[in-house]
Amino acid sequence: MVSPTIAQVLGPLREIVGAKNLLTSASERIVYECDGFVVEKNSPDVVVFPTSTDQVARIVQACNEADIPFLPRGAGTSLAGGCLPVGGGVMIVLTRMKEILEINLRDHYAVVQPGVVNVWLTQALSGSGYHYAPDPSSQSACTIGGNVATNSGGPHTLKYGVTVNHVLGVEAVLADGSIAMIGGPAGEMPGPDLVGALVGSEGTLAIVTRVWVRLTRDPQGYRTMLGIFESVDDATHAISAIIGAGMIPAALEMMDQGILVALEEAFQFGFPLDAQAILLIEVDGLEAGLDTQRDDIIRFCEESGAREVRMAADQQERLKLWKCRKQAFGAIGRLSSSFCTQDGVVPRTQLPNIFKKIQETSEKYDIRIVNVFHAGDGNLHPILLFDERDPDQVRRVMEASGEILEACLEAGGSVTGEHGIGVEKIRYMNKMFRDSDLQAMRQLRDAFNPDNRLSPDKMLPTAGACGMEQTHPGRQAAL
Amino acid sequence: MTTETLSLPLTETATPVDQDELAQQVADCFAGQVPIYPLGGCTSLDYGLTPQQEGIGLSLEKINRLVDFPARDLTLTVEAGMTMATIAELVAEEGLQLPIHVPDAGQASIGGVIATNWNGPARPGYGTIRDYVIGISAVDGKGLPYRGGGRVVKNVAGYDFCKLLTGSLGTLGVITQVTLRLKPIPPQATTLAVPLSDLEQAENLLSGLVDSQATPYAVELLSGEHWQDCPALDTDSPWHLTLSCCGSEEEVSWMVGQLEQELQEQALPAAQQLTDDEHQQLWDELVEFPAGKEDPLVIQATMVPSGTTTFIHEARQLDPACSIQAHAASGIVVVRFAEFPEDGLSRTLVGTLQPVAALAHGNVVILSNPSGREMTARSTWGSIPAPLSLLSRIKNNFDPGNLLNPGRFVYS
């Protein structure tokens with residue numbers, strides 16, 4: 001049953017995008033009821049697939065005229081409910097705006113539409129000597145528009161930074177339906193850094209319709225190592241030793257035994273199943289310095305008690321290692337039918353303590369937890385395994401998750417390093433920030449989105465409530 | 001610097017001792033609708049339009065303490081009044097650096113550097129200040145203290161006030177405390193100076209660098225009288241392109257060899273590798289050049305790098321005696337005019353140089369104009385690449401009384 005308000009906007013929307021770019025039937029809309037955070041679900045009333053900025057602007061204007069909420073969506077790989085249509089409304093799916101509009105190597109930038117899949121840009125640049133640095137693990141599916149919305153990270157952020165460090169400018173449709181150019185290929189411009197403020201705003205400030213991204217010179221070479229440790233403590237000490245010595249590896253990832261077993265079963269890489277932790281360490285840059293860096297890292301690992309440090313023999317082996325790492329979450333299904341991933345961050349030197357806390361929490365709640373960390377950044381991904389048919393396990397997973405995130409905050413960290421707040425973590429915003437901080441955030445949102453029709457009920461707790469009540473942990477499919 | 005010498009319409013200057021007192025003073029000003037001029041190191045007060053409304057100076061001089069320095073986490077938390085030189089000294093003890101290089105570092109405060117988005121020659125290797133601020137505290141125009149980010153290097157919780165306040169010129173809040181990420185100091189750094197006879201050679205060299213395997217952290221194109229007196233450079237050449245490289249001994253030595261070979265292959269003049277002293281001396285000059293307060297007009301253009309040499313050509317047409325520094329790999333050109341342009345700023349900047357920069361997706365702003373002549377919104381700020389209506393709504397929400405640095409930036 002279509003509500004009268006929605007019925008009012010259907011005609012204009014059909015006229016703007018055409019019947020083939022509009023979904024109204026329940027069976028088609030259900031695909032868009034959630035992102036990778038599957039706990040909370042709600043179908044949008046209408047789904048539209050614009051193919052131009054002008055269409056996006058007209059859709060927004062039509063929604064405003066009918067007083068209907070609207071929100072953007074990319075590939076839906078986000079993990080915190082950022083594109084959950086709370087309260088329904090019109091979902092603007094940008095995956096049909098998928099052109100790479102320009103690649104300019106002389107000036108180190110590319111211009112893309114928001115629906116371009118992250119890895120397409122990598123592929124288009126292959127052989128050019130340049131690349132787009134942010135490479136989230138979901139890069140073969142996620143879109144650059146979505147990366148901008150969530151300020152995506154990935155395994156290589158330690159050296160190269162996150163999405164915001166690589167976005168020079170955007171074209172965006174504002175909440176009133178006007179089209180704004182903010183920043184541009186030259187990057188630095190006078191005045192407040194609105195491009196930086198838009199990146200990571202989870203679709204609550206504007207709908208990005210074009211992105212100028214910075215291109216980075218390809219490194220001349222790589223050295224990729226696998227440090228094998230008898231204990232997680234030893235592995236975390238090796239991380240501190242490497243960073244403390246003034247080295248910034250391109251990536252520094254940790255996986256514990258629990259996840260190794262699943263990975264080995266899935267990919268048969270040859271991971272030692274009796275190791276308690278492995279570090280996947282990659283240095284890149286000029287060939288001239290790489291062997292010295294490799295030797296130093298091997299030494300630091302050995303001094304920290306590594307049983308063995310293996311080297312990726314060639315590019316093929318290196319890519320296989322990264323494939324294992326990036327698909328780690330896909331392998332979890334082999335361990336448990338349901339799982340819940342957290343995204344806390346702690347100062348890097350707190351890793352041994354937080355890992356101990358995770359182990360204690362696992363024992364306290366009798367919930368198995370396996371770990372894959374962006375260790376160099378102090379970004380944890382503890383994965384809580386459970387059976388969602390058992391309400392008591394569900395409750396224990398919720399409590400254990402909360403305890404881990406609280407411990408991250410106590411250690412001076414954050415409840416989210418790269419997944420975002422969305423709807424999932426709204427309840428933690430009051431713990432991370434003071435009322436005055438949240439008020440300032442509302443001041444910013446209200447300047448962009450005064451009627452709060454654009455993606456309402458996200459990121460910021462509403463007065464008198466802390467977002468949606470969460471009754472079930474997230475079963476998340478990718479990182 | 002005493003506040004009496006400042007070019008601001010100050011009735012008095014307050015020097016709060018801590019962040020709470022500062023917030024209270026802002027709240028009091030809001031209650032009384034008194035304009036506030038935040039004062040860090042007072043090194044960039046010439047940047048932007050000259051405020052006209054009388055108000056109080058709010059000095060961060062005493063809000064300059066170290067809050068936390070967990071060196072092994074590569075982060076530093078300090079109050080916003082700490083100077084860049086103090087930060088550099090503090091973190092160097094642990095082999096670390098904040099690789100943002102600004103003039104008058106002994107005076108310039110970190111809060112001011114963020115508020116003005118001031119960045120030096122090392123952009124190609126290290127990026128800009130926006131890449132280093134991971135946590136920020138500020139007080140808005142109503143006296144509301146707010147913060148964003150945190151103390152960890154990766155964090156996407158909430159809106160990113162670190163970015164919003166970068167370049168905000170004290171108009172959206174008085175920055176009171178920041179957390180910065182740091183980088184290790186590389187073991188070695190050196191500079192190759194290439195003497196060039198004309199801009200065409202410079203263009204060829206810069207185009208060639210796009211495919212170079214070497215990764216210099218600074219690429220500077222220099223010309224004009226100022227550089228004729230620089231002992232580190234060959235004084236017979238009208239143009240100099242300097243390439244600074246850093247890293248391990250092996251990396252630096254490889255890059256020097258590689259760049260020398262590439263120059264030879266392109267039939268460009270041979271590079272001279274500076275001694276360590278010359279490298280440091282030149283670096284200091286490169287960092288200090290944009291201050292140029294004794295000059296009648298200093299401007300900064302920002303554009304895509306391929307537009308750099310065309311822009312320089314146009315600037316020299318207007319003032320053949322000007323001195324120029326281009327962060328050429330980043331598309332930034334600083335021009336110190338020898339004379340105030342006879343044709344006035346509306347012709348020189350608005351009519352000529354701003355359109356040239358715009359052709360390369362860029363803009364031109366005034367860094368200093370001691371005479372104060374013709375400082376219109378357009379000549380001072382050029383064309384802002386964001387809707388003014390949106391900027392103004394943000395300004396209004398954070399500073400409804402328009403009390404924070406009124407008149408400095410363009411808000412409609």
# chains A, B, ... in the order shown; residues from 1 in each chain; ligands from 1

$ interface_residues --of "chain A" --to "chain B" --cutoff "6 Å" --atoms "only C-alpha atoms" --output "PyMOL selection string"
chain A and resi 107+181-183+186+191-194+196-197+201+244+246+288-289+347-348+413+416-418+420+436-437+443+447

$ atom_distance --atom1 "atom CA of His327 of chain B" --atom2 "atom CA of Pro121 of chain B"
5.9 Å

$ residues_around --residues "Pro12 of chain A" --least-positions-apart "5" --cutoff "9 Å" --atoms "only C-alpha atoms" --output "list of chain:residue names"
A:Val17, A:Arg58, A:Ile59, A:Ala62

$ write_last_selection --atoms "C-alpha atoms" --output "mmCIF file, in the first residue's frame"
data_model
loop_
_atom_site.group_PDB
_atom_site.id
_atom_site.type_symbol
_atom_site.label_atom_id
_atom_site.label_comp_id
_atom_site.auth_asym_id
_atom_site.auth_seq_id
_atom_site.Cartn_x
_atom_site.Cartn_y
_atom_site.Cartn_z
ATOM 1 C CA VAL A 17 14.487 9.060 -14.135
ATOM 2 C CA ARG A 58 15.511 17.190 -9.424
ATOM 3 C CA ILE A 59 14.806 14.107 -7.301
ATOM 4 C CA ALA A 62 10.706 16.640 -5.685
#

$ select_by_dssp --residues "segment 41-149 of chain B" --states "strand (DSSP E or B)" --output "ChimeraX atom specification"
/B:55-59,66-68,75-79,83,96-97,109,133-139,145-149

$ write_last_selection --atoms "C-alpha atoms" --output "tab-separated table (two decimals), in the first residue's frame"
chain	number	residue	atom	x	y	z
B	55	GLY	CA	36.69	44.34	19.64
B	56	ILE	CA	38.91	42.56	22.09
B	57	GLY	CA	41.99	40.53	21.30
B	58	LEU	CA	41.89	37.05	22.79
B	59	SER	CA	45.45	35.88	23.20
B	66	LEU	CA	51.91	20.22	26.47
B	67	VAL	CA	48.98	17.92	27.21
B	68	ASP	CA	50.24	14.49	26.15
B	75	THR	CA	50.88	11.54	18.35
B	76	LEU	CA	51.10	14.80	20.29
B	77	THR	CA	48.40	16.74	22.12
B	78	VAL	CA	49.10	20.39	22.87
B	79	GLU	CA	47.20	23.56	23.60
B	83	THR	CA	54.57	27.67	18.87
B	96	LEU	CA	59.88	12.85	15.29
B	97	GLN	CA	58.60	15.84	13.34
B	109	SER	CA	51.25	29.04	16.98
B	133	VAL	CA	45.28	17.18	12.80
B	134	ILE	CA	43.45	14.18	14.29
B	135	GLY	CA	41.75	15.87	17.22
B	136	ILE	CA	40.65	19.42	17.87
B	137	SER	CA	38.96	21.49	20.57
B	138	ALA	CA	37.49	24.91	19.96
B	139	VAL	CA	35.03	27.41	21.37
B	145	PRO	CA	33.24	24.45	23.73
B	146	TYR	CA	33.31	21.66	21.15
B	147	ARG	CA	35.70	19.03	19.97
B	148	GLY	CA	36.03	16.56	17.16
B	149	GLY	CA	38.24	13.61	16.34

$ atom_distance --atom1 "atom CA of Leu243 of chain B" --atom2 "atom CA of Val298 of chain B"
23.8 Å

$ closest_residue --among "B:Leu22, B:Ala338, B:Ala88, B:Ala108" --to "Glu294 of chain B" --atoms "only C-alpha atoms"
B:Ala338

$ residues_around --residues "His226 of chain B" --least-positions-apart "4" --cutoff "9 Å" --atoms "only C-alpha atoms" --output "list in words"
Cys230, Phe289, Cys322, Ser323 and Ile324 of chain B

$ write_last_selection --atoms "N, CA and C atoms" --output "tab-separated table (two decimals), in the first residue's frame"
chain	number	residue	atom	x	y	z
B	230	CYS	N	70.92	34.53	-2.68
B	230	CYS	CA	70.95	33.29	-1.88
B	230	CYS	C	72.27	32.56	-2.15
B	289	PHE	N	60.29	32.62	2.78
B	289	PHE	CA	60.01	33.52	1.66
B	289	PHE	C	58.59	34.11	1.64
B	322	CYS	N	59.60	41.23	-9.87
B	322	CYS	CA	59.07	40.47	-8.73
B	322	CYS	C	59.97	39.27	-8.41
B	323	SER	N	59.84	38.77	-7.21
B	323	SER	CA	60.53	37.52	-6.83
B	323	SER	C	59.49	36.43	-6.68
B	324	ILE	N	59.88	35.24	-7.15
B	324	ILE	CA	58.89	34.15	-7.25
B	324	ILE	C	59.40	32.88	-6.59

$ residues_around --residues "Phe337 of chain B" --least-positions-apart "2" --cutoff "10 Å" --atoms "only C-alpha atoms" --output "ChimeraX atom specification"
/B:224,292,295-299,315-316,318-324,334-335,339-341

$ write_last_selection --atoms "N, CA and C atoms" --output "compact mmCIF listing (two decimals), in the first residue's frame"
# COMPACT_ATOMS: atom_id res chain seq x y z
N GLY B 224 64.00 35.71 -9.56
CA GLY B 224 63.86 37.08 -9.09
C GLY B 224 64.98 37.49 -8.16
N GLY B 292 57.60 37.69 3.57
CA GLY B 292 57.86 38.88 2.75
C GLY B 292 57.17 40.16 3.18
N ASP B 295 57.71 43.64 1.58
CA ASP B 295 57.34 43.90 0.19
C ASP B 295 55.97 44.56 0.09
N PRO B 296 55.74 45.32 -1.00
CA PRO B 296 54.47 46.05 -1.11
C PRO B 296 53.25 45.15 -1.36
N LEU B 297 53.48 43.95 -1.88
CA LEU B 297 52.34 43.05 -2.13
C LEU B 297 52.87 41.62 -2.26
N VAL B 298 52.27 40.70 -1.53
CA VAL B 298 52.63 39.28 -1.68
C VAL B 298 51.34 38.51 -1.94
N ILE B 299 51.36 37.72 -3.01
CA ILE B 299 50.16 36.93 -3.34
C ILE B 299 50.52 35.45 -3.41
N ALA B 315 52.76 36.60 -14.31
CA ALA B 315 53.11 37.45 -13.17
C ALA B 315 54.33 38.30 -13.49
N ARG B 316 55.28 37.71 -14.20
CA ARG B 316 56.49 38.48 -14.53
C ARG B 316 56.23 39.54 -15.60
N LEU B 318 53.63 41.33 -15.50
CA LEU B 318 53.06 42.43 -14.73
C LEU B 318 54.12 43.16 -13.90
N ASP B 319 55.08 42.41 -13.38
CA ASP B 319 56.13 43.02 -12.57
C ASP B 319 57.43 42.25 -12.81
N PRO B 320 58.21 42.69 -13.80
CA PRO B 320 59.43 41.97 -14.16
C PRO B 320 60.42 41.89 -13.00
N ALA B 321 60.28 42.75 -12.01
CA ALA B 321 61.23 42.75 -10.89
C ALA B 321 60.74 41.94 -9.70
N CYS B 322 59.60 41.23 -9.87
CA CYS B 322 59.07 40.47 -8.73
C CYS B 322 59.97 39.27 -8.41
N SER B 323 59.84 38.77 -7.21
CA SER B 323 60.53 37.52 -6.83
C SER B 323 59.49 36.43 -6.68
N ILE B 324 59.88 35.24 -7.15
CA ILE B 324 58.89 34.15 -7.25
C ILE B 324 59.40 32.88 -6.59
N VAL B 334 54.04 31.66 -5.10
CA VAL B 334 54.07 32.86 -4.26
C VAL B 334 54.82 33.94 -5.03
N VAL B 335 54.19 35.10 -5.17
CA VAL B 335 54.83 36.21 -5.88
C VAL B 335 55.00 37.37 -4.91
N GLU B 339 57.06 46.31 -6.67
CA GLU B 339 56.30 47.57 -6.58
C GLU B 339 54.83 47.22 -6.45
N PHE B 340 54.07 48.07 -5.77
CA PHE B 340 52.61 47.88 -5.77
C PHE B 340 52.14 48.10 -7.21
N PRO B 341 51.33 47.20 -7.76
CA PRO B 341 50.97 47.30 -9.19
C PRO B 341 50.35 48.65 -9.53

$ select_by_dssp --residues "segment 117-185 of chain B" --states "helix (DSSP H, G or I)" --output "VMD selection string"
chain B and resid 123 to 126 129 to 131 161 to 165

$ write_last_selection --atoms "N, CA and C atoms" --output "compact mmCIF listing (two decimals), in the first residue's frame"
# COMPACT_ATOMS: atom_id res chain seq x y z
N ARG B 123 55.00 19.90 0.68
CA ARG B 123 53.72 19.27 0.34
C ARG B 123 53.86 17.96 -0.43
N PRO B 124 54.73 17.89 -1.48
CA PRO B 124 54.75 16.63 -2.25
C PRO B 124 55.11 15.42 -1.40
N GLY B 125 55.98 15.61 -0.42
CA GLY B 125 56.40 14.47 0.39
C GLY B 125 55.52 14.24 1.59
N TYR B 126 54.95 15.30 2.12
CA TYR B 126 54.31 15.16 3.43
C TYR B 126 52.85 15.64 3.49
N ILE B 129 48.71 20.49 6.51
CA ILE B 129 48.35 20.42 7.94
C ILE B 129 47.06 19.61 8.13
N ARG B 130 46.14 19.65 7.15
CA ARG B 130 44.88 18.90 7.30
C ARG B 130 45.14 17.40 7.46
N ASP B 131 46.28 16.94 6.96
CA ASP B 131 46.60 15.52 7.07
C ASP B 131 47.15 15.15 8.45
N PHE B 161 35.53 17.93 12.72
CA PHE B 161 35.81 19.34 12.98
C PHE B 161 37.28 19.70 12.73
N CYS B 162 38.15 18.68 12.75
CA CYS B 162 39.56 18.97 12.44
C CYS B 162 39.64 19.58 11.04
N LYS B 163 38.84 19.04 10.12
CA LYS B 163 38.87 19.56 8.76
C LYS B 163 38.12 20.89 8.69
N LEU B 164 36.95 20.94 9.28
CA LEU B 164 36.14 22.16 9.19
C LEU B 164 36.92 23.38 9.68
N LEU B 165 37.70 23.19 10.73
CA LEU B 165 38.42 24.34 11.31
C LEU B 165 39.72 24.65 10.58

$ residues_around --residues "Ala331 of chain A" --least-positions-apart "6" --cutoff "10 Å" --atoms "only C-alpha atoms" --output "MDAnalysis selection string"
chainID A and resid 259:267 324:325 477:478

$ write_last_selection --atoms "N, CA and C atoms" --output "PDB file, in the first residue's frame"
ATOM      1  N   ILE A 259      41.263 -16.872  13.418  1.00  0.00           N
ATOM      2  CA  ILE A 259      40.955 -16.489  12.037  1.00  0.00           C
ATOM      3  C   ILE A 259      41.861 -17.236  11.058  1.00  0.00           C
ATOM      4  N   LEU A 260      43.071 -17.565  11.517  1.00  0.00           N
ATOM      5  CA  LEU A 260      44.001 -18.296  10.639  1.00  0.00           C
ATOM      6  C   LEU A 260      43.421 -19.639  10.227  1.00  0.00           C
ATOM      7  N   VAL A 261      42.792 -20.297  11.181  1.00  0.00           N
ATOM      8  CA  VAL A 261      42.221 -21.617  10.893  1.00  0.00           C
ATOM      9  C   VAL A 261      41.176 -21.497   9.781  1.00  0.00           C
ATOM     10  N   ALA A 262      40.347 -20.479   9.911  1.00  0.00           N
ATOM     11  CA  ALA A 262      39.302 -20.290   8.900  1.00  0.00           C
ATOM     12  C   ALA A 262      39.917 -19.940   7.543  1.00  0.00           C
ATOM     13  N   LEU A 263      40.933 -19.085   7.578  1.00  0.00           N
ATOM     14  CA  LEU A 263      41.569 -18.673   6.327  1.00  0.00           C
ATOM     15  C   LEU A 263      42.247 -19.853   5.642  1.00  0.00           C
ATOM     16  N   GLU A 264      42.898 -20.670   6.432  1.00  0.00           N
ATOM     17  CA  GLU A 264      43.621 -21.793   5.864  1.00  0.00           C
ATOM     18  C   GLU A 264      42.655 -22.775   5.209  1.00  0.00           C
ATOM     19  N   GLU A 265      41.541 -22.959   5.887  1.00  0.00           N
ATOM     20  CA  GLU A 265      40.535 -23.865   5.329  1.00  0.00           C
ATOM     21  C   GLU A 265      40.007 -23.316   4.008  1.00  0.00           C
ATOM     22  N   ALA A 266      39.859 -21.999   3.952  1.00  0.00           N
ATOM     23  CA  ALA A 266      39.290 -21.380   2.755  1.00  0.00           C
ATOM     24  C   ALA A 266      40.302 -21.283   1.611  1.00  0.00           C
ATOM     25  N   PHE A 267      41.544 -20.941   1.921  1.00  0.00           N
ATOM     26  CA  PHE A 267      42.489 -20.599   0.846  1.00  0.00           C
ATOM     27  C   PHE A 267      43.708 -21.522   0.733  1.00  0.00           C
ATOM     28  N   CYS A 324      43.912 -13.337   0.759  1.00  0.00           N
ATOM     29  CA  CYS A 324      43.510 -14.000   2.009  1.00  0.00           C
ATOM     30  C   CYS A 324      43.072 -12.955   3.029  1.00  0.00           C
ATOM     31  N   ARG A 325      43.907 -11.924   3.180  1.00  0.00           N
ATOM     32  CA  ARG A 325      43.611 -10.914   4.197  1.00  0.00           C
ATOM     33  C   ARG A 325      42.303 -10.184   3.899  1.00  0.00           C
ATOM     34  N   ALA A 477      29.220  -8.901   6.744  1.00  0.00           N
ATOM     35  CA  ALA A 477      29.739  -9.795   5.732  1.00  0.00           C
ATOM     36  C   ALA A 477      31.084  -9.397   5.166  1.00  0.00           C
ATOM     37  N   ALA A 478      31.518  -8.210   5.388  1.00  0.00           N
ATOM     38  CA  ALA A 478      32.785  -7.797   4.781  1.00  0.00           C
ATOM     39  C   ALA A 478      33.440  -6.765   5.665  1.00  0.00           C
TER      40      ALA A 478
END

$ residues_around --residues "Ser27 of chain A" --least-positions-apart "4" --cutoff "12 Å" --atoms "only C-alpha atoms" --output "NGL selection string"
:A and (23 or 31-33 or 43-47)

$ write_last_selection --atoms "N, CA and C atoms" --output "PDB file, in the first residue's frame"
ATOM      1  N   LEU A  23      12.053   1.748  -8.773  1.00  0.00           N
ATOM      2  CA  LEU A  23      11.457   0.534  -8.221  1.00  0.00           C
ATOM      3  C   LEU A  23      10.412   0.902  -7.180  1.00  0.00           C
ATOM      4  N   VAL A  31      15.593  -5.564  -1.468  1.00  0.00           N
ATOM      5  CA  VAL A  31      17.049  -5.645  -1.661  1.00  0.00           C
ATOM      6  C   VAL A  31      17.748  -4.460  -0.985  1.00  0.00           C
ATOM      7  N   TYR A  32      17.030  -3.372  -0.874  1.00  0.00           N
ATOM      8  CA  TYR A  32      17.632  -2.124  -0.376  1.00  0.00           C
ATOM      9  C   TYR A  32      17.266  -1.833   1.081  1.00  0.00           C
ATOM     10  N   GLU A  33      16.823  -2.868   1.790  1.00  0.00           N
ATOM     11  CA  GLU A  33      16.338  -2.642   3.161  1.00  0.00           C
ATOM     12  C   GLU A  33      17.466  -2.463   4.172  1.00  0.00           C
ATOM     13  N   SER A  43      12.583  -1.192   4.388  1.00  0.00           N
ATOM     14  CA  SER A  43      12.619  -0.939   2.946  1.00  0.00           C
ATOM     15  C   SER A  43      12.308   0.518   2.671  1.00  0.00           C
ATOM     16  N   PRO A  44      13.003   1.090   1.689  1.00  0.00           N
ATOM     17  CA  PRO A  44      12.599   2.430   1.245  1.00  0.00           C
ATOM     18  C   PRO A  44      11.253   2.335   0.545  1.00  0.00           C
ATOM     19  N   ASP A  45      10.532   3.428   0.468  1.00  0.00           N
ATOM     20  CA  ASP A  45       9.238   3.417  -0.226  1.00  0.00           C
ATOM     21  C   ASP A  45       9.428   3.380  -1.736  1.00  0.00           C
ATOM     22  N   VAL A  46      10.468   4.042  -2.180  1.00  0.00           N
ATOM     23  CA  VAL A  46      10.777   4.076  -3.615  1.00  0.00           C
ATOM     24  C   VAL A  46      12.290   4.018  -3.756  1.00  0.00           C
ATOM     25  N   VAL A  47      12.756   3.347  -4.811  1.00  0.00           N
ATOM     26  CA  VAL A  47      14.189   3.350  -5.119  1.00  0.00           C
ATOM     27  C   VAL A  47      14.354   3.948  -6.504  1.00  0.00           C
TER      28      VAL A  47
END

$ atom_distance --atom1 "atom CA of Ser223 of chain B" --atom2 "atom CA of Trp239 of chain B"
4.9 Å

$ decode --residues "segment 227-242 of chain B" --atoms "C-alpha atoms" --output "JSON list (two decimals), in the first residue's frame"
[["chain", "number", "residue", "atom", "x", "y", "z"],
["B", 227, "TRP", "CA", 67.10, 34.50, -4.95],
["B", 228, "GLN", "CA", 70.07, 36.33, -6.50],
["B", 229, "ASP", "CA", 71.33, 36.90, -2.96],
["B", 230, "CYS", "CA", 70.95, 33.29, -1.88],
["B", 231, "PRO", "CA", 74.48, 31.92, -1.39],
["B", 232, "ALA", "CA", 73.35, 28.33, -1.93],
["B", 233, "LEU", "CA", 72.31, 29.06, -5.52],
["B", 234, "ASP", "CA", 74.29, 29.84, -8.67],
["B", 235, "THR", "CA", 73.81, 33.60, -8.96],
["B", 236, "ASP", "CA", 74.39, 33.69, -12.74],
["B", 237, "SER", "CA", 71.18, 31.85, -13.57],
["B", 238, "PRO", "CA", 67.83, 33.60, -13.80],
["B", 239, "TRP", "CA", 65.90, 30.48, -12.78],
["B", 240, "HIS", "CA", 66.54, 27.69, -10.32],
["B", 241, "LEU", "CA", 64.72, 24.47, -9.83],
["B", 242, "THR", "CA", 65.53, 22.75, -6.57]]
